[in-house]
Amino acid sequence: MSDRYRFVYNACVEFFGVTVLENGDVIKEFLQNDDVTVLAAVSVDGEVLLQNVVPVEDQYGLLFYKIPNLDFSGHSGPAKIGLLTLEGGLSKSIYNTLQRVFSPYILKKCEYPTEIRGLLQNLHSSLGLSLGL
C-alpha cells in the first residue's frame, strides 16, 4: 500500500469516523489512472461511498483532486493530491472556503489598497446573497 493510498484512505476513515472503507479499489483507480482527476468520498445511508465524480447533491464529504505537475525543473512523478471539504453542495462549499480561509486573509493583509479590500468585501457579500447564504 503506497503512502498516497494511505493518505486518501486514512483521511476518509478519520473524516467519517469509520474503521474500514469497503471500496478501496476506487482509490487505486484515482491514483493509477491519469484520466481520473477527482475522487469524492460522501456518506450515503451510513456508508462511505467513493466515486470518481464531483457530487452534485447537497452532501458532506471530501473531494480529492490531482494537481497538475507544473514544476518545470524536471519533476515527472505522480501528480500531487489536493483536498477540499464538501459542505452541503458545491456552491456552499466554494463560498465557505472563500469566507473562512481566503477572505479573512486577504482583508487583513495591509499590502492590498483599501479600495481593493473594499471591492473584495463587496464581492464576497454579493456572492453570499446570490447563493442565498
# chains A, B, ... in the order shown; residues from 1 in each chain; ligands from 1
$ residues_around --residues "Gly46 in chain A" --least-positions-apart "4" --cutoff "10 Å" --atoms "only C-alpha atoms" --output "list of chain:residue names"
A:Phe16, A:Val18, A:Val42
$ select_by_dssp --residues "range 3-115 of chain A" --states "helix (DSSP H, G or I)" --output "PyMOL selection string"
chain A and resi 3-16+25-32+90-108+114-115
$ closest_residue --among "A:Gly128, A:Pro68, A:Gly24, A:Pro55" --to "Gln99 in chain A" --atoms "only C-alpha atoms"
A:Gly128
$ atom_distance --atom1 "CA of Leu62 in chain A" --atom2 "CA of Phe15 in chain A"
8.1 Å
$ residues_around --residues "Tyr95 in chain A" --least-positions-apart "2" --cutoff "10 Å" --atoms "only C-alpha atoms" --output "number ranges by chain"
A: 87, 90-93, 97-101, 124, 127-128, 131, 133
$ closest_residue --among "A:Leu129, A:Val54, A:Val8, A:Leu123" --to "Val36 in chain A" --atoms "only C-alpha atoms"
A:Val54
$ residues_around --residues "Val20 in chain A" --least-positions-apart "4" --cutoff "12 Å" --atoms "only C-alpha atoms" --output "MDAnalysis selection string"
chainID A and resid 9:16 24 47:49
$ residues_around --residues "Ala40 in chain A" --least-positions-apart "4" --cutoff "6 Å" --atoms "only C-alpha atoms" --output "ChimeraX atom specification"
/A:50-51,62-63
$ residues_around --residues "Gly61 in chain A" --least-positions-apart "6" --cutoff "6 Å" --atoms "only C-alpha atoms" --output "list in words"
Ala41, Val42, Thr85 and Leu86 of chain A
$ write_last_selection --atoms "N, CA, C and O atoms" --output "mmCIF file, in the first residue's frame"
data_model
loop_
_atom_site.group_PDB
_atom_site.id
_atom_site.type_symbol
_atom_site.label_atom_id
_atom_site.label_comp_id
_atom_site.auth_asym_id
_atom_site.auth_seq_id
_atom_site.Cartn_x
_atom_site.Cartn_y
_atom_site.Cartn_z
ATOM 1 N N ALA A 41 -15.545 11.381 -1.637
ATOM 2 C CA ALA A 41 -15.956 10.466 -0.575
ATOM 3 C C ALA A 41 -17.138 11.126 0.127
ATOM 4 O O ALA A 41 -17.006 12.219 0.673
ATOM 5 N N VAL A 42 -18.297 10.479 0.062
ATOM 6 C CA VAL A 42 -19.506 11.016 0.687
ATOM 7 C C VAL A 42 -20.170 9.913 1.502
ATOM 8 O O VAL A 42 -19.978 8.728 1.250
ATOM 9 N N THR A 85 -13.071 20.115 1.457
ATOM 10 C CA THR A 85 -14.206 19.605 2.217
ATOM 11 C C THR A 85 -15.480 20.068 1.535
ATOM 12 O O THR A 85 -15.632 21.247 1.223
ATOM 13 N N LEU A 86 -16.383 19.141 1.286
ATOM 14 C CA LEU A 86 -17.689 19.477 0.723
ATOM 15 C C LEU A 86 -18.654 19.693 1.881
ATOM 16 O O LEU A 86 -18.763 18.858 2.762
#
